[in-house]
2 protein chains.
Amino acid sequence: MKLLYTFACILFLSNSICAQDFSDKITLVIHGGAGTITRANMTAEQEKAYRSVLNNALQQGYKVLQGGGTSLKAVEAAIMVMEDSPLFNAGKGAVFTNEGKNELDASVMDGSNLKAGAIAGVTTIKNPIRAAIAVMDKSPHVMMTGKGADLFAKEQGLEIVDPSYFYTEARYKALLKAKESEKVELDHTEHPKKDFKDKPKTGYNDNDLIFTEGKKFGTVGCVSLDKFGNLAAGTSTGGMTNKRYGRVGDAPIIGAGTYANNATCAVSATGHGEYFIRSVVAYDISALMEYKGLSLQNAADEVVMKKLVTIGGEGGIIALDRNGNIAMPFNSEGMYRGYIRGNGDSQIMIYKDEARK
Amino acid sequence: MKLLYTFACILFLSNSICAQDFSDKITLVIHGGAGTITRANMTAEQEKAYRSVLNNALQQGYKVLQGGGTSLKAVEAAIMVMEDSPLFNAGKGAVFTNEGKNELDASVMDGSNLKAGAIAGVTTIKNPIRAAIAVMDKSPHVMMTGKGADLFAKEQGLEIVDPSYFYTEARYKALLKAKESEKVELDHTEHPKKDFKDKPKTGYNDNDLIFTEGKKFGTVGCVSLDKFGNLAAGTSTGGMTNKRYGRVGDAPIIGAGTYANNATCAVSATGHGEYFIRSVVAYDISALMEYKGLSLQNAADEVVMKKLVTIGGEGGIIALDRNGNIAMPFNSEGMYRGYIRGNGDSQIMIYKDEARK
């Protein structure tokens, strides 16, 4: 009888552990890129517009988590809001390549099983984050590039758009400015703008609201913890204005721009991608937690505020662990960022002097 | 006088430390891919051919190191030998994509400054490793993909070839076999073989010597330590037979297929790339050394023989630290591998039962 009681106790205890409820810990953290974002060079109207989209992204992701959805679905929902907004350098609003095209990169990782997906250099996928998820879920591969990745997304039934969908006047002007500053003569006969005469008009002029952070920054990302205790991370970008030669940054590189592992953390990065690749930024934060026992905040600070600063790598990251701890260090002037927690507590920040509540 | 003497001693000591001579430690390690390579399924003639090219690669790399050249130049020289041989899945001898093309990936990293370069999905660059080095040395970028990367290599004056250069009958047959086993109907009107009627004849039939390791393996790589004490790593591949959708594996991913850091080690990987990306294999070995204080061998074994095995990731790696320690674990049936040391000691191995002297 005593033995039976002990057995029952063990069974109860193990069930409690297995079915640990993370409902009170559901959390979603987003970023919308880092760069020289200061109060001095942003209008009140621009700031309002950015905060509005960031809030919408948080709310859409939170809705998924609150409804019992997975962190992966929440990451997808939040990032799609930012991809669909012309204000961020991802999806609609992506920057232009030297050739006047928009080439998009994205990646995603599921912390519960270490599965991952990424696409690079695509030109027709409306929501690159969904294509990265499809690569992870529907193919044996982790990374697809170029036309092949576009074809895969089409075959998977994802929404395909004409490349002109990604045109925004502000980003195109940024390309012209970048080219001018390089003293590279632009052949206006190759100017893609003429192909966009029939582009749909929006109610107000988005282009006045788009803030150009500089040549090397701009990416969106999300990390999330669901009620099952699973972490996920995703990142999406248009890359660098005036990029050449099929350049790819850290956003689609698992371990650099994106990483998630239930044992440690979920990370999404934004910044000067070349330095982030060389520093294997996202996985390094995970490794510092796993191998050196650092807290999420200390690991994130070590990589972003020390190691990256030493080699001149500007930018920032958002990170989240399984206990709902958040870190969002950046060594640039500013970073669009925000979070929302299970109790509905939410905060959106842009500038350096905005501290977390 | 005493002070002067002390000062002179300090100066002598610091000079000795600064100019520490690694001449006796110069080392070069190569791999030519991992897979189901067993004595039972390889002919004596094939084995002889493979050992001969591996030896030539070691000698070419060693010549650079002995002549006082850098580890980076040695890595380039050794990998070029394997790229130029039809026996290995890199450069000439690359496997075919589902569309009947050869799409090549490569990457390189300099352990002295953590600079890196990579190219993915190129089709016209004779020696992809040289293009990866050019990306690192001649551009502000780390990774270039597709036609853009091909164009960059051309502008840099690297040797450009017609895509037909990469055709080998054995690899093309492997594609047909892979397609048959998938029960995918091949449209023979798209058969690229007909375009290769005029391909140059070699003295003997290379194709009889090419050993097909299986669908998912085959890559070449090199790690090296020069007399300056600098580590470097490089990797080059044709990817997976029958790959689709612009699939990219771990070879061009810094941190996954390639990593080098004087503080820890240089690593080049070969295997089922998807698992190697998800496990951030090359950087993980470095992180285990740096953060947990593991030896090179223990760190390499932990990742290849434990962590990768747990998630089903087949393959292996070669690794080298600044003290000239070598590790070359693999969890597959075999791995083409070899090393050469400053004293000329050299060994080439293929099968699992061949132990290091």
# chains A, B, ... in the order shown; residues from 1 in each chain; ligands from 1

$ interface_residues --of "chain A" --to "chain B" --cutoff "9 Å" --atoms "only C-alpha atoms" --output "ChimeraX atom specification"
/A:109,114-116,120-121,140-152,244-249,253-256,259,273-275,277-280,283-284,287-288,291-292

$ write_last_selection --atoms "C-alpha atoms" --output "PDB file, in the first residue's frame"
ATOM      1  CA  MET A 109      14.134  28.515 -35.973  1.00  0.00           C
ATOM      2  CA  LEU A 114      16.146  22.862 -33.449  1.00  0.00           C
ATOM      3  CA  LYS A 115      14.539  22.772 -36.886  1.00  0.00           C
ATOM      4  CA  ALA A 116      15.244  25.802 -39.052  1.00  0.00           C
ATOM      5  CA  ALA A 120      17.886  34.382 -49.443  1.00  0.00           C
ATOM      6  CA  GLY A 121      17.734  36.640 -52.484  1.00  0.00           C
ATOM      7  CA  PRO A 140      14.210  18.461 -46.107  1.00  0.00           C
ATOM      8  CA  HIS A 141      16.362  21.578 -46.478  1.00  0.00           C
ATOM      9  CA  VAL A 142      17.313  24.494 -44.258  1.00  0.00           C
ATOM     10  CA  MET A 143      18.292  27.122 -46.816  1.00  0.00           C
ATOM     11  CA  MET A 144      17.111  27.955 -50.323  1.00  0.00           C
ATOM     12  CA  THR A 145      18.314  30.854 -52.468  1.00  0.00           C
ATOM     13  CA  GLY A 146      17.312  32.923 -55.485  1.00  0.00           C
ATOM     14  CA  LYS A 147      14.850  31.821 -58.142  1.00  0.00           C
ATOM     15  CA  GLY A 148      14.759  28.303 -56.707  1.00  0.00           C
ATOM     16  CA  ALA A 149      13.440  29.646 -53.411  1.00  0.00           C
ATOM     17  CA  ASP A 150      10.864  31.798 -55.250  1.00  0.00           C
ATOM     18  CA  LEU A 151       9.684  28.702 -57.139  1.00  0.00           C
ATOM     19  CA  PHE A 152       9.453  26.647 -53.950  1.00  0.00           C
ATOM     20  CA  ARG A 244      25.744  44.242 -55.045  1.00  0.00           C
ATOM     21  CA  TYR A 245      26.693  40.808 -56.279  1.00  0.00           C
ATOM     22  CA  GLY A 246      23.911  38.893 -54.535  1.00  0.00           C
ATOM     23  CA  ARG A 247      25.214  40.024 -51.134  1.00  0.00           C
ATOM     24  CA  VAL A 248      23.619  38.225 -48.214  1.00  0.00           C
ATOM     25  CA  GLY A 249      23.840  39.451 -44.621  1.00  0.00           C
ATOM     26  CA  ILE A 253      22.057  32.710 -41.563  1.00  0.00           C
ATOM     27  CA  ILE A 254      21.073  30.326 -38.767  1.00  0.00           C
ATOM     28  CA  GLY A 255      23.419  30.982 -35.843  1.00  0.00           C
ATOM     29  CA  ALA A 256      24.214  34.548 -36.975  1.00  0.00           C
ATOM     30  CA  TYR A 259      18.778  31.080 -33.351  1.00  0.00           C
ATOM     31  CA  GLY A 273      25.370  41.807 -41.095  1.00  0.00           C
ATOM     32  CA  GLU A 274      28.957  41.089 -42.094  1.00  0.00           C
ATOM     33  CA  TYR A 275      30.160  41.530 -38.506  1.00  0.00           C
ATOM     34  CA  ILE A 277      28.106  36.570 -39.450  1.00  0.00           C
ATOM     35  CA  ARG A 278      31.790  36.629 -38.478  1.00  0.00           C
ATOM     36  CA  SER A 279      30.799  36.747 -34.795  1.00  0.00           C
ATOM     37  CA  VAL A 280      28.115  34.005 -35.107  1.00  0.00           C
ATOM     38  CA  TYR A 283      24.424  31.196 -31.415  1.00  0.00           C
ATOM     39  CA  ASP A 284      27.210  32.828 -29.395  1.00  0.00           C
ATOM     40  CA  ALA A 287      26.672  29.149 -26.152  1.00  0.00           C
ATOM     41  CA  LEU A 288      27.598  31.641 -23.416  1.00  0.00           C
ATOM     42  CA  TYR A 291      28.667  26.559 -21.592  1.00  0.00           C
ATOM     43  CA  LYS A 292      29.529  29.448 -19.247  1.00  0.00           C
TER      44      LYS A 292
END

$ residues_around --residues "Glu47 in chain A" --least-positions-apart "4" --cutoff "12 Å" --atoms "only C-alpha atoms" --output "VMD selection string"
chain A and resid 37 to 43 51 to 54 87 208 to 211 336 348 to 351

$ residues_around --residues "Thr241 in chain B" --least-positions-apart "6" --cutoff "8 Å" --atoms "only C-alpha atoms" --output "number ranges by chain"
B: 95-98, 171, 174-175, 178, 215-216

$ atom_distance --atom1 "CA of Val122 in chain A" --atom2 "CA of Gly91 in chain B"
25.4 Å

$ closest_residue --among "B:Ala355, B:Val75, B:Leu158, B:Val81" --to "Ser224 in chain B" --atoms "only C-alpha atoms"
B:Val75

$ residues_around --residues "Asn55 in chain B" --least-positions-apart "3" --cutoff "12 Å" --atoms "only C-alpha atoms" --output "number ranges by chain"
B: 28-32, 48-52, 58-62, 78-79, 81-82, 336-340, 346-349

$ residues_around --residues "Pro329 in chain B" --least-positions-apart "2" --cutoff "9 Å" --atoms "only C-alpha atoms" --output "PyMOL selection string"
chain B and resi 297+300-301+304-305+315-319+327+331+335

$ select_by_dssp --residues "range 1-192 of chain B" --states "strand (DSSP E or B)" --output "PyMOL selection string"
chain B and resi 27-35+97+104-110+115-122+125+143-145+160

$ write_last_selection --atoms "N, CA and C atoms" --output "tab-separated table (two decimals), in the first residue's frame"
chain	number	residue	atom	x	y	z
B	27	THR	N	51.26	23.07	-39.92
B	27	THR	CA	50.46	21.85	-40.12
B	27	THR	C	49.37	22.13	-41.15
B	28	LEU	N	49.03	21.12	-41.92
B	28	LEU	CA	47.95	21.22	-42.88
B	28	LEU	C	47.11	19.95	-42.77
B	29	VAL	N	45.80	20.12	-42.68
B	29	VAL	CA	44.88	18.98	-42.60
B	29	VAL	C	43.83	19.16	-43.69
B	30	ILE	N	43.50	18.07	-44.37
B	30	ILE	CA	42.48	18.15	-45.43
B	30	ILE	C	41.41	17.07	-45.26
B	31	HIS	N	40.23	17.36	-45.84
B	31	HIS	CA	39.27	16.28	-46.01
B	31	HIS	C	38.72	16.37	-47.43
B	32	GLY	N	38.21	15.23	-47.90
B	32	GLY	CA	37.66	15.19	-49.26
B	32	GLY	C	36.25	14.66	-49.26
B	33	GLY	N	35.57	14.83	-48.11
B	33	GLY	CA	34.18	14.40	-48.02
B	33	GLY	C	34.02	13.15	-47.18
B	34	ALA	N	32.83	13.00	-46.62
B	34	ALA	CA	32.50	11.84	-45.79
B	34	ALA	C	31.30	11.14	-46.38
B	35	GLY	N	31.12	9.88	-46.07
B	35	GLY	CA	29.97	9.14	-46.59
B	35	GLY	C	30.12	7.66	-46.36
B	97	THR	N	22.50	19.36	-59.90
B	97	THR	CA	21.22	19.73	-59.30
B	97	THR	C	20.11	18.98	-60.04
B	104	LEU	N	27.85	25.69	-57.18
B	104	LEU	CA	28.96	25.50	-56.26
B	104	LEU	C	28.93	26.48	-55.09
B	105	ASP	N	29.36	26.01	-53.94
B	105	ASP	CA	29.43	26.83	-52.73
B	105	ASP	C	30.84	26.72	-52.13
B	106	ALA	N	31.31	27.78	-51.49
B	106	ALA	CA	32.60	27.71	-50.79
B	106	ALA	C	32.68	28.80	-49.74
B	107	SER	N	33.54	28.59	-48.76
B	107	SER	CA	33.77	29.63	-47.76
B	107	SER	C	35.16	29.51	-47.18
B	108	VAL	N	35.59	30.60	-46.56
B	108	VAL	CA	36.94	30.66	-46.00
B	108	VAL	C	36.93	31.58	-44.79
B	109	MET	N	37.80	31.31	-43.81
B	109	MET	CA	37.89	32.21	-42.65
B	109	MET	C	39.34	32.28	-42.19
B	110	ASP	N	39.74	33.50	-41.83
B	110	ASP	CA	41.10	33.80	-41.39
B	110	ASP	C	41.09	33.94	-39.87
B	115	LYS	N	38.19	37.54	-40.23
B	115	LYS	CA	37.57	37.91	-41.50
B	115	LYS	C	37.13	36.64	-42.22
B	116	ALA	N	36.08	36.77	-43.03
B	116	ALA	CA	35.53	35.58	-43.69
B	116	ALA	C	34.95	35.94	-45.04
B	117	GLY	N	34.85	34.95	-45.92
B	117	GLY	CA	34.24	35.14	-47.23
B	117	GLY	C	33.53	33.88	-47.66
B	118	ALA	N	32.44	34.05	-48.42
B	118	ALA	CA	31.69	32.88	-48.87
B	118	ALA	C	30.95	33.19	-50.16
B	119	ILE	N	30.78	32.16	-50.99
B	119	ILE	CA	29.95	32.28	-52.18
B	119	ILE	C	29.03	31.06	-52.23
B	120	ALA	N	27.83	31.26	-52.79
B	120	ALA	CA	26.87	30.15	-52.88
B	120	ALA	C	26.15	30.18	-54.21
B	121	GLY	N	25.93	28.99	-54.77
B	121	GLY	CA	25.14	28.88	-56.00
B	121	GLY	C	25.80	29.48	-57.22
B	122	VAL	N	27.13	29.40	-57.33
B	122	VAL	CA	27.80	29.94	-58.52
B	122	VAL	C	27.94	28.83	-59.56
B	125	ILE	N	32.59	29.75	-61.91
B	125	ILE	CA	33.90	30.03	-61.30
B	125	ILE	C	34.69	28.72	-61.18
B	143	MET	N	29.26	37.31	-47.68
B	143	MET	CA	28.62	36.29	-48.49
B	143	MET	C	27.97	36.86	-49.75
B	144	MET	N	28.26	36.24	-50.88
B	144	MET	CA	27.61	36.60	-52.14
B	144	MET	C	27.00	35.34	-52.75
B	145	THR	N	25.86	35.51	-53.46
B	145	THR	CA	25.18	34.35	-54.00
B	145	THR	C	24.87	34.51	-55.48
B	160	ILE	N	37.18	32.13	-65.21
B	160	ILE	CA	35.77	31.83	-65.46
B	160	ILE	C	35.71	30.72	-66.51

$ residues_around --residues "Cys265 in chain A" --least-positions-apart "6" --cutoff "8 Å" --atoms "only C-alpha atoms" --output "CSV table (one decimal) with all heavy atoms, in the first residue's frame"
chain,number,residue,atom,x,y,z
A,111,GLY,N,12.8,26.4,-31.4
A,111,GLY,CA,13.6,26.0,-30.2
A,111,GLY,C,13.2,24.7,-29.7
A,111,GLY,O,14.0,24.1,-28.9
A,231,LEU,N,10.3,28.0,-27.4
A,231,LEU,CA,10.8,29.2,-27.9
A,231,LEU,C,10.9,29.2,-29.4
A,231,LEU,O,11.1,28.1,-30.0
A,231,LEU,CB,12.2,29.5,-27.4
A,231,LEU,CG,12.4,29.8,-25.9
A,231,LEU,CD1,13.9,29.7,-25.4
A,231,LEU,CD2,11.8,31.2,-25.6
A,259,TYR,N,18.5,32.4,-34.0
A,259,TYR,CA,18.8,31.1,-33.4
A,259,TYR,C,17.7,30.9,-32.3
A,259,TYR,O,17.3,31.8,-31.6
A,259,TYR,CB,20.2,31.0,-32.7
A,259,TYR,CG,20.5,29.7,-32.2
A,259,TYR,CD1,20.8,28.6,-33.1
A,259,TYR,CD2,20.5,29.4,-30.8
A,259,TYR,CE1,21.1,27.3,-32.6
A,259,TYR,CE2,20.7,28.1,-30.4
A,259,TYR,CZ,21.0,27.1,-31.3
A,259,TYR,OH,21.3,25.8,-30.8
A,286,SER,N,23.6,32.0,-27.1
A,286,SER,CA,23.2,30.7,-26.6
A,286,SER,C,24.3,29.9,-26.0
A,286,SER,O,24.2,29.3,-24.9
A,286,SER,CB,22.6,29.9,-27.8
A,286,SER,OG,22.3,28.5,-27.4
A,296,LEU,N,20.7,35.3,-19.5
A,296,LEU,CA,20.4,35.8,-20.8
A,296,LEU,C,20.9,37.3,-21.0
A,296,LEU,O,21.6,37.6,-22.0
A,296,LEU,CB,18.9,35.8,-21.0
A,296,LEU,CG,18.4,36.3,-22.4
A,296,LEU,CD1,18.4,35.2,-23.3
A,296,LEU,CD2,17.0,36.9,-22.3
A,319,ALA,N,16.4,39.0,-27.4
A,319,ALA,CA,16.5,37.7,-26.9
A,319,ALA,C,15.6,37.4,-25.8
A,319,ALA,O,15.1,38.3,-25.1
A,319,ALA,CB,18.0,37.4,-26.4
A,320,LEU,N,15.2,36.1,-25.7
A,320,LEU,CA,14.2,35.7,-24.7
A,320,LEU,C,14.5,34.3,-24.2
A,320,LEU,O,15.0,33.4,-25.0
A,320,LEU,CB,12.8,35.7,-25.5
A,320,LEU,CG,11.6,35.2,-24.8
A,320,LEU,CD1,11.2,36.1,-23.6
A,320,LEU,CD2,10.4,35.1,-25.8
A,321,ASP,N,14.4,34.0,-22.9
A,321,ASP,CA,14.6,32.7,-22.5
A,321,ASP,C,13.3,32.0,-22.0
A,321,ASP,O,12.3,32.6,-22.1
A,321,ASP,CB,15.7,32.6,-21.4
A,321,ASP,CG,15.3,33.2,-20.1
A,321,ASP,OD1,14.1,33.4,-19.8
A,321,ASP,OD2,16.2,33.4,-19.2
A,322,ARG,N,13.4,30.8,-21.5
A,322,ARG,CA,12.2,30.0,-21.2
A,322,ARG,C,11.5,30.5,-20.0
A,322,ARG,O,10.4,30.1,-19.7
A,322,ARG,CB,12.6,28.5,-21.1
A,322,ARG,CG,11.7,27.6,-21.9
A,322,ARG,CD,12.1,26.2,-21.6
A,322,ARG,NE,11.0,25.3,-22.1
A,322,ARG,CZ,11.0,24.0,-21.9
A,322,ARG,NH1,11.9,23.5,-21.1
A,322,ARG,NH2,10.0,23.3,-22.3

$ decode --residues "range 239-250 of chain A" --atoms "N, CA, C and O atoms" --output "short mmCIF file (atom, residue, chain, number, x, y, z; two decimals), in the first residue's frame"
data_model
loop_
_atom_site.label_atom_id
_atom_site.label_comp_id
_atom_site.auth_asym_id
_atom_site.auth_seq_id
_atom_site.Cartn_x
_atom_site.Cartn_y
_atom_site.Cartn_z
N GLY A 239 17.92 43.63 -46.62
CA GLY A 239 19.38 43.75 -46.71
C GLY A 239 19.86 45.19 -46.70
O GLY A 239 19.26 46.06 -46.07
N MET A 240 20.93 45.44 -47.45
CA MET A 240 21.58 46.75 -47.48
C MET A 240 21.19 47.53 -48.72
O MET A 240 21.22 46.97 -49.83
N THR A 241 20.88 48.82 -48.58
CA THR A 241 20.68 49.67 -49.74
C THR A 241 21.92 49.60 -50.62
O THR A 241 23.04 49.65 -50.11
N ASN A 242 21.71 49.50 -51.94
CA ASN A 242 22.81 49.53 -52.90
C ASN A 242 23.69 48.29 -52.85
O ASN A 242 24.82 48.29 -53.32
N LYS A 243 23.16 47.19 -52.25
CA LYS A 243 23.97 45.97 -52.18
C LYS A 243 24.20 45.41 -53.58
O LYS A 243 23.38 45.56 -54.47
N ARG A 244 25.34 44.77 -53.74
CA ARG A 244 25.74 44.24 -55.05
C ARG A 244 26.02 42.75 -54.97
O ARG A 244 26.18 42.19 -53.89
N TYR A 245 26.13 42.15 -56.15
CA TYR A 245 26.69 40.81 -56.28
C TYR A 245 25.97 39.75 -55.45
O TYR A 245 26.59 38.82 -54.96
N GLY A 246 24.65 39.90 -55.29
CA GLY A 246 23.91 38.89 -54.54
C GLY A 246 24.34 38.82 -53.08
O GLY A 246 24.29 37.76 -52.46
N ARG A 247 24.77 39.98 -52.53
CA ARG A 247 25.21 40.02 -51.13
C ARG A 247 24.13 39.53 -50.19
O ARG A 247 22.95 39.87 -50.32
N VAL A 248 24.53 38.70 -49.25
CA VAL A 248 23.62 38.22 -48.21
C VAL A 248 24.22 38.58 -46.85
O VAL A 248 25.41 38.40 -46.63
N GLY A 249 23.39 39.10 -45.97
CA GLY A 249 23.84 39.45 -44.62
C GLY A 249 23.54 38.34 -43.62
O GLY A 249 23.41 37.17 -44.00
N ASP A 250 23.38 38.71 -42.36
CA ASP A 250 23.21 37.70 -41.32
C ASP A 250 21.77 37.21 -41.17
O ASP A 250 21.55 36.14 -40.59
#
